[in-house]
$ cat run-v1.cif   # mmCIF, C-alpha atoms
data_structure
#
loop_
_atom_site.label_atom_id
_atom_site.label_comp_id
_atom_site.auth_asym_id
_atom_site.auth_seq_id
_atom_site.Cartn_x
_atom_site.Cartn_y
_atom_site.Cartn_z
CA MET A 1 12.18 -59.84 1.24
CA ALA A 2 15.75 -58.61 0.67
CA ILE A 3 15.27 -57.59 -2.99
CA THR A 4 13.07 -54.82 -4.38
CA LEU A 5 12.86 -54.50 -8.17
CA VAL A 6 12.38 -51.00 -9.58
CA ASN A 7 11.84 -49.59 -13.06
CA PRO A 8 12.66 -45.90 -12.58
CA GLY A 9 11.12 -43.23 -14.77
CA GLY A 10 13.45 -42.24 -17.58
CA LEU A 11 14.46 -45.86 -18.29
CA PRO A 12 12.48 -48.20 -20.52
CA GLU A 13 10.30 -50.78 -18.78
CA ILE A 14 11.31 -54.20 -20.08
CA ASP A 15 8.97 -57.20 -19.71
CA VAL A 16 11.66 -59.79 -19.03
CA TYR A 17 13.69 -57.96 -16.37
CA GLY A 18 13.65 -55.02 -14.00
CA GLN A 19 16.14 -52.20 -14.50
CA VAL A 20 17.21 -51.85 -10.86
CA SER A 21 17.49 -54.26 -7.95
CA ILE A 22 17.71 -52.78 -4.45
CA ALA A 23 19.18 -55.22 -1.94
CA SER A 24 18.59 -54.79 1.78
CA GLY A 25 19.66 -58.22 3.01
CA SER A 26 22.90 -59.20 4.62
CA LYS A 27 23.76 -62.59 3.08
CA LEU A 28 25.23 -62.50 -0.44
CA VAL A 29 24.96 -65.64 -2.57
CA PHE A 30 27.03 -65.92 -5.75
CA ILE A 31 25.98 -68.78 -8.01
CA ALA A 32 28.50 -69.99 -10.55
CA GLY A 33 27.46 -69.97 -14.16
CA GLN A 34 24.97 -72.78 -14.63
CA VAL A 35 24.84 -74.75 -17.85
CA ALA A 36 22.33 -77.31 -19.11
CA TRP A 37 23.62 -80.22 -17.04
CA ASP A 38 21.39 -82.52 -15.05
CA ALA A 39 22.45 -83.81 -11.62
CA GLU A 40 24.59 -86.51 -13.26
CA GLY A 41 26.40 -84.05 -15.55
CA ALA A 42 24.58 -85.00 -18.75
CA THR A 43 23.74 -82.15 -21.13
CA ILE A 44 20.01 -81.52 -21.43
CA GLY A 45 18.57 -80.20 -24.71
CA GLU A 46 21.51 -80.70 -27.04
CA GLY A 47 21.06 -78.18 -29.87
CA ASP A 48 17.91 -76.71 -28.25
CA LEU A 49 18.48 -73.23 -26.80
CA ALA A 50 15.06 -73.04 -25.09
CA ALA A 51 15.57 -76.39 -23.34
CA GLN A 52 19.06 -75.39 -22.22
CA VAL A 53 17.85 -72.04 -20.86
CA GLU A 54 15.16 -73.90 -18.93
CA GLN A 55 17.73 -76.30 -17.42
CA CYS A 56 20.06 -73.43 -16.49
CA TYR A 57 17.23 -71.73 -14.58
CA LEU A 58 16.26 -75.01 -12.91
CA ASN A 59 19.87 -75.43 -11.78
CA ILE A 60 19.90 -71.88 -10.43
CA GLY A 61 16.69 -72.68 -8.54
CA THR A 62 18.36 -75.73 -7.02
CA ALA A 63 21.40 -73.69 -5.98
CA LEU A 64 19.19 -70.95 -4.50
CA ALA A 65 17.22 -73.50 -2.47
CA ALA A 66 20.47 -74.96 -1.12
CA ALA A 67 21.40 -71.46 0.09
CA GLY A 68 17.96 -70.99 1.68
CA GLY A 69 16.67 -68.70 -1.06
CA SER A 70 14.49 -68.52 -4.15
CA PHE A 71 14.22 -66.52 -7.34
CA ASP A 72 12.68 -63.71 -5.25
CA ASP A 73 16.15 -63.22 -3.77
CA VAL A 74 18.03 -62.84 -7.06
CA ALA A 75 19.55 -59.39 -7.45
CA LYS A 76 21.23 -59.91 -10.84
CA LEU A 77 21.54 -62.45 -13.65
CA THR A 78 24.20 -62.61 -16.34
CA VAL A 79 23.33 -64.69 -19.40
CA TYR A 80 26.00 -65.85 -21.88
CA VAL A 81 24.68 -67.18 -25.20
CA VAL A 82 26.90 -68.78 -27.84
CA ASP A 83 26.78 -67.02 -31.23
CA TRP A 84 24.03 -64.64 -30.06
CA THR A 85 21.86 -62.96 -32.67
CA PRO A 86 18.57 -61.15 -31.97
CA ASP A 87 16.59 -63.87 -33.78
CA LYS A 88 17.43 -66.20 -30.84
CA MET A 89 15.45 -64.03 -28.40
CA PRO A 90 12.18 -66.01 -28.81
CA LEU A 91 14.01 -69.22 -27.83
CA LEU A 92 15.57 -67.54 -24.80
CA LEU A 93 12.17 -66.22 -23.72
CA GLU A 94 10.55 -69.62 -24.33
CA GLY A 95 13.03 -71.26 -21.96
CA ILE A 96 12.38 -68.61 -19.31
CA SER A 97 8.64 -68.99 -19.77
CA ARG A 98 8.85 -72.78 -19.37
CA VAL A 99 10.74 -72.57 -16.11
CA ALA A 100 8.49 -69.79 -14.82
CA ALA A 101 5.48 -72.04 -15.38
CA LYS A 102 7.23 -75.10 -13.95
CA LEU A 103 8.41 -73.33 -10.78
CA GLY A 104 5.55 -70.84 -10.43
CA VAL A 105 7.93 -67.87 -10.44
CA THR A 106 8.60 -64.83 -12.57
CA PRO A 107 12.40 -64.51 -12.74
CA VAL A 108 12.75 -60.83 -13.73
CA PRO A 109 15.74 -59.38 -11.84
CA PRO A 110 18.10 -57.07 -13.71
CA ALA A 111 19.95 -59.08 -16.31
CA THR A 112 22.81 -58.69 -18.73
CA LEU A 113 22.86 -60.71 -21.95
CA LEU A 114 26.21 -61.31 -23.61
CA GLY A 115 26.98 -63.08 -26.85
CA VAL A 116 30.07 -65.27 -26.63
CA ALA A 117 32.05 -67.33 -29.15
CA ALA A 118 31.96 -70.54 -27.11
CA LEU A 119 31.49 -72.05 -23.66
CA ASP A 120 33.39 -74.78 -21.83
CA ILE A 121 31.67 -77.68 -23.61
CA PRO A 122 30.77 -77.43 -27.33
CA ASP A 123 27.22 -78.76 -26.67
CA HIS A 124 26.47 -75.91 -24.26
CA LEU A 125 24.60 -73.03 -25.87
CA VAL A 126 23.98 -70.90 -22.78
CA GLU A 127 25.38 -70.28 -19.30
CA ILE A 128 23.64 -68.22 -16.63
CA GLU A 129 25.10 -66.91 -13.38
CA ALA A 130 23.18 -65.33 -10.52
CA THR A 131 23.78 -63.11 -7.54
CA ALA A 132 21.23 -63.26 -4.72
CA VAL A 133 20.78 -61.40 -1.44
CA LEU A 134 19.06 -63.02 1.53
CA ASP A 135 18.05 -61.59 4.89
#

$ encode --input "run-v1.cif" --output "structure tokens"
Amino acid sequence: MAITLVNPGGLPEIDVYGQVSIASGSKLVFIAGQVAWDAEGATIGEGDLAAQVEQCYLNIGTALAAAGGSFDDVAKLTVYVVDWTPDKMPLLLEGISRVAAKLGVTPVPPATLLGVAALDIPDHLVEIEATAVLD
């Protein structure tokens, strides 16, 4: 495996992501920000942050598979949430939990969460981009 996740002493251990990702592979995969679109471009989960997070992760899984990878190869995620407030965290975690159960994975690479004013389409509540490293 090209990615090793580490939680070094001196940094808090967070349940939903690792603090450090060590990449030893040679093939970098950059996945554009994924929104809650299905294959036909229809928005999934209008007004439902958890459903949109789930669809974003499913789309990332599809992109990873096309590159010959999986969530085990993800070195870093960046999550953009419209009008972020801490009370939205349970919905974000619910969406991650749903996709983890659906795909049988635990997507916990280092992640950055950013609150943004808006995304490209008003119905989109979240966008997630990924960087992966494959052997």

$ resolve_selection --input "run-v1.cif" --expression "the PyMOL selection byres ((chain A and resi 107-111) around 10)" --output "PDB file with C-alpha atoms, keeping the file's coordinate frame"
ATOM      1  CA  ILE A   3      15.270 -57.590  -2.990  1.00  0.00           C
ATOM      2  CA  THR A   4      13.070 -54.820  -4.380  1.00  0.00           C
ATOM      3  CA  LEU A   5      12.860 -54.500  -8.170  1.00  0.00           C
ATOM      4  CA  VAL A   6      12.380 -51.000  -9.580  1.00  0.00           C
ATOM      5  CA  ASN A   7      11.840 -49.590 -13.060  1.00  0.00           C
ATOM      6  CA  ILE A  14      11.310 -54.200 -20.080  1.00  0.00           C
ATOM      7  CA  ASP A  15       8.970 -57.200 -19.710  1.00  0.00           C
ATOM      8  CA  VAL A  16      11.660 -59.790 -19.030  1.00  0.00           C
ATOM      9  CA  TYR A  17      13.690 -57.960 -16.370  1.00  0.00           C
ATOM     10  CA  GLY A  18      13.650 -55.020 -14.000  1.00  0.00           C
ATOM     11  CA  GLN A  19      16.140 -52.200 -14.500  1.00  0.00           C
ATOM     12  CA  VAL A  20      17.210 -51.850 -10.860  1.00  0.00           C
ATOM     13  CA  SER A  21      17.490 -54.260  -7.950  1.00  0.00           C
ATOM     14  CA  TYR A  57      17.230 -71.730 -14.580  1.00  0.00           C
ATOM     15  CA  SER A  70      14.490 -68.520  -4.150  1.00  0.00           C
ATOM     16  CA  PHE A  71      14.220 -66.520  -7.340  1.00  0.00           C
ATOM     17  CA  ASP A  72      12.680 -63.710  -5.250  1.00  0.00           C
ATOM     18  CA  ASP A  73      16.150 -63.220  -3.770  1.00  0.00           C
ATOM     19  CA  VAL A  74      18.030 -62.840  -7.060  1.00  0.00           C
ATOM     20  CA  ALA A  75      19.550 -59.390  -7.450  1.00  0.00           C
ATOM     21  CA  LYS A  76      21.230 -59.910 -10.840  1.00  0.00           C
ATOM     22  CA  LEU A  77      21.540 -62.450 -13.650  1.00  0.00           C
ATOM     23  CA  THR A  78      24.200 -62.610 -16.340  1.00  0.00           C
ATOM     24  CA  VAL A  79      23.330 -64.690 -19.400  1.00  0.00           C
ATOM     25  CA  ILE A  96      12.380 -68.610 -19.310  1.00  0.00           C
ATOM     26  CA  SER A  97       8.640 -68.990 -19.770  1.00  0.00           C
ATOM     27  CA  VAL A  99      10.740 -72.570 -16.110  1.00  0.00           C
ATOM     28  CA  ALA A 100       8.490 -69.790 -14.820  1.00  0.00           C
ATOM     29  CA  LEU A 103       8.410 -73.330 -10.780  1.00  0.00           C
ATOM     30  CA  GLY A 104       5.550 -70.840 -10.430  1.00  0.00           C
ATOM     31  CA  VAL A 105       7.930 -67.870 -10.440  1.00  0.00           C
ATOM     32  CA  THR A 106       8.600 -64.830 -12.570  1.00  0.00           C
ATOM     33  CA  THR A 112      22.810 -58.690 -18.730  1.00  0.00           C
ATOM     34  CA  LEU A 113      22.860 -60.710 -21.950  1.00  0.00           C
ATOM     35  CA  LEU A 114      26.210 -61.310 -23.610  1.00  0.00           C
ATOM     36  CA  ILE A 128      23.640 -68.220 -16.630  1.00  0.00           C
ATOM     37  CA  GLU A 129      25.100 -66.910 -13.380  1.00  0.00           C
ATOM     38  CA  ALA A 130      23.180 -65.330 -10.520  1.00  0.00           C
ATOM     39  CA  THR A 131      23.780 -63.110  -7.540  1.00  0.00           C
ATOM     40  CA  ALA A 132      21.230 -63.260  -4.720  1.00  0.00           C
TER      41      ALA A 132
END

$ closest_residue --input "run-v1.cif" --among "A:Val35, A:Leu28, A:Ile22, A:Ala101" --to "Leu125 of chain A" --atoms "only C-alpha atoms"
A:Val35

$ atom_distance --input "run-v1.cif" --atom1 "atom CA of Tyr80 of chain A" --atom2 "atom CA of Leu11 of chain A"
23.4 Å

$ closest_residue --input "run-v1.cif" --among "A:Leu58, A:Ser24, A:Met89, A:Gln52" --to "Ala39 of chain A" --atoms "only C-alpha atoms"
A:Leu58

$ residues_around --input "run-v1.cif" --residues "Ala36 of chain A" --least-positions-apart "6" --cutoff "7 Å" --atoms "all atoms listed in the file" --output "PyMOL selection string"
chain A and resi 43-44+52+55-56+124

$ residues_around --input "run-v1.cif" --residues "Leu91 of chain A" --least-positions-apart "2" --cutoff "12 Å" --atoms "only C-alpha atoms" --output "number ranges by chain"
A: 47-54, 81, 84-89, 93-98, 125-126

$ closest_residue --input "run-v1.cif" --among "A:Ala32, A:Leu134, A:Ala117, A:Ala42" --to "Asp83 of chain A" --atoms "all atoms listed in the file"
A:Ala117

$ closest_residue --input "run-v1.cif" --among "A:Pro8, A:Gly25, A:Glu127, A:Gln34" --to "Leu92 of chain A" --atoms "all atoms listed in the file"
A:Glu127

$ axis_aligned_box --input "run-v1.cif" --around "segment 67-78 of chain A" --padding-each-side "6 Å" --output "JSON"
{"center_x": 18.4, "center_y": -65.4, "center_z": -7.3, "size_x": 23.5, "size_y": 24.1, "size_z": 30.0}

$ atom_distance --input "run-v1.cif" --atom1 "atom CA of Ala65 of chain A" --atom2 "atom CA of Ser26 of chain A"
16.9 Å

$ build_atoms --input "run-v1.cif" --residues "segment 25-40 of chain A" --atoms "N, CA, C and O atoms" --output "PDB file, in the frame of the given file"
ATOM      1  N   GLY A  25      19.268 -57.082   2.183  1.00  0.00           N
ATOM      2  CA  GLY A  25      19.660 -58.220   3.010  1.00  0.00           C
ATOM      3  C   GLY A  25      21.123 -58.187   3.374  1.00  0.00           C
ATOM      4  O   GLY A  25      21.872 -57.295   2.969  1.00  0.00           O
ATOM      5  N   SER A  26      21.533 -59.181   4.137  1.00  0.00           N
ATOM      6  CA  SER A  26      22.900 -59.200   4.620  1.00  0.00           C
ATOM      7  C   SER A  26      23.703 -60.419   4.164  1.00  0.00           C
ATOM      8  O   SER A  26      24.905 -60.481   4.387  1.00  0.00           O
ATOM      9  N   LYS A  27      23.067 -61.376   3.513  1.00  0.00           N
ATOM     10  CA  LYS A  27      23.760 -62.590   3.080  1.00  0.00           C
ATOM     11  C   LYS A  27      23.837 -62.593   1.548  1.00  0.00           C
ATOM     12  O   LYS A  27      22.818 -62.699   0.867  1.00  0.00           O
ATOM     13  N   LEU A  28      25.038 -62.477   1.010  1.00  0.00           N
ATOM     14  CA  LEU A  28      25.230 -62.500  -0.440  1.00  0.00           C
ATOM     15  C   LEU A  28      25.457 -63.935  -0.896  1.00  0.00           C
ATOM     16  O   LEU A  28      26.207 -64.684  -0.265  1.00  0.00           O
ATOM     17  N   VAL A  29      24.819 -64.299  -1.993  1.00  0.00           N
ATOM     18  CA  VAL A  29      24.960 -65.640  -2.570  1.00  0.00           C
ATOM     19  C   VAL A  29      25.371 -65.459  -4.032  1.00  0.00           C
ATOM     20  O   VAL A  29      24.641 -64.840  -4.811  1.00  0.00           O
ATOM     21  N   PHE A  30      26.521 -65.979  -4.379  1.00  0.00           N
ATOM     22  CA  PHE A  30      27.030 -65.920  -5.750  1.00  0.00           C
ATOM     23  C   PHE A  30      26.960 -67.311  -6.338  1.00  0.00           C
ATOM     24  O   PHE A  30      27.624 -68.225  -5.846  1.00  0.00           O
ATOM     25  N   ILE A  31      26.165 -67.461  -7.387  1.00  0.00           N
ATOM     26  CA  ILE A  31      25.980 -68.780  -8.010  1.00  0.00           C
ATOM     27  C   ILE A  31      26.793 -68.833  -9.291  1.00  0.00           C
ATOM     28  O   ILE A  31      26.623 -67.991 -10.179  1.00  0.00           O
ATOM     29  N   ALA A  32      27.663 -69.807  -9.356  1.00  0.00           N
ATOM     30  CA  ALA A  32      28.500 -69.990 -10.550  1.00  0.00           C
ATOM     31  C   ALA A  32      27.624 -70.138 -11.779  1.00  0.00           C
ATOM     32  O   ALA A  32      26.467 -70.554 -11.696  1.00  0.00           O
ATOM     33  N   GLY A  33      28.194 -69.806 -12.915  1.00  0.00           N
ATOM     34  CA  GLY A  33      27.460 -69.970 -14.160  1.00  0.00           C
ATOM     35  C   GLY A  33      26.928 -71.383 -14.287  1.00  0.00           C
ATOM     36  O   GLY A  33      27.678 -72.349 -14.169  1.00  0.00           O
ATOM     37  N   GLN A  34      25.625 -71.471 -14.498  1.00  0.00           N
ATOM     38  CA  GLN A  34      24.970 -72.780 -14.630  1.00  0.00           C
ATOM     39  C   GLN A  34      24.735 -73.072 -16.099  1.00  0.00           C
ATOM     40  O   GLN A  34      24.267 -72.214 -16.853  1.00  0.00           O
ATOM     41  N   VAL A  35      25.060 -74.289 -16.487  1.00  0.00           N
ATOM     42  CA  VAL A  35      24.840 -74.750 -17.850  1.00  0.00           C
ATOM     43  C   VAL A  35      23.741 -75.816 -17.819  1.00  0.00           C
ATOM     44  O   VAL A  35      23.186 -76.120 -16.774  1.00  0.00           O
ATOM     45  N   ALA A  36      23.458 -76.378 -18.976  1.00  0.00           N
ATOM     46  CA  ALA A  36      22.330 -77.310 -19.110  1.00  0.00           C
ATOM     47  C   ALA A  36      22.717 -78.739 -18.729  1.00  0.00           C
ATOM     48  O   ALA A  36      22.467 -79.689 -19.460  1.00  0.00           O
ATOM     49  N   TRP A  37      23.309 -78.900 -17.554  1.00  0.00           N
ATOM     50  CA  TRP A  37      23.620 -80.220 -17.040  1.00  0.00           C
ATOM     51  C   TRP A  37      22.540 -80.661 -16.073  1.00  0.00           C
ATOM     52  O   TRP A  37      22.022 -79.859 -15.298  1.00  0.00           O
ATOM     53  N   ASP A  38      22.238 -81.961 -16.090  1.00  0.00           N
ATOM     54  CA  ASP A  38      21.390 -82.520 -15.050  1.00  0.00           C
ATOM     55  C   ASP A  38      22.278 -82.881 -13.866  1.00  0.00           C
ATOM     56  O   ASP A  38      23.497 -82.625 -13.885  1.00  0.00           O
ATOM     57  N   ALA A  39      21.705 -83.486 -12.837  1.00  0.00           N
ATOM     58  CA  ALA A  39      22.450 -83.810 -11.620  1.00  0.00           C
ATOM     59  C   ALA A  39      23.608 -84.780 -11.861  1.00  0.00           C
ATOM     60  O   ALA A  39      24.568 -84.808 -11.104  1.00  0.00           O
ATOM     61  N   GLU A  40      23.528 -85.558 -12.944  1.00  0.00           N
ATOM     62  CA  GLU A  40      24.590 -86.510 -13.260  1.00  0.00           C
ATOM     63  C   GLU A  40      25.629 -85.929 -14.219  1.00  0.00           C
ATOM     64  O   GLU A  40      26.566 -86.614 -14.617  1.00  0.00           O
TER      65      GLU A  40
END
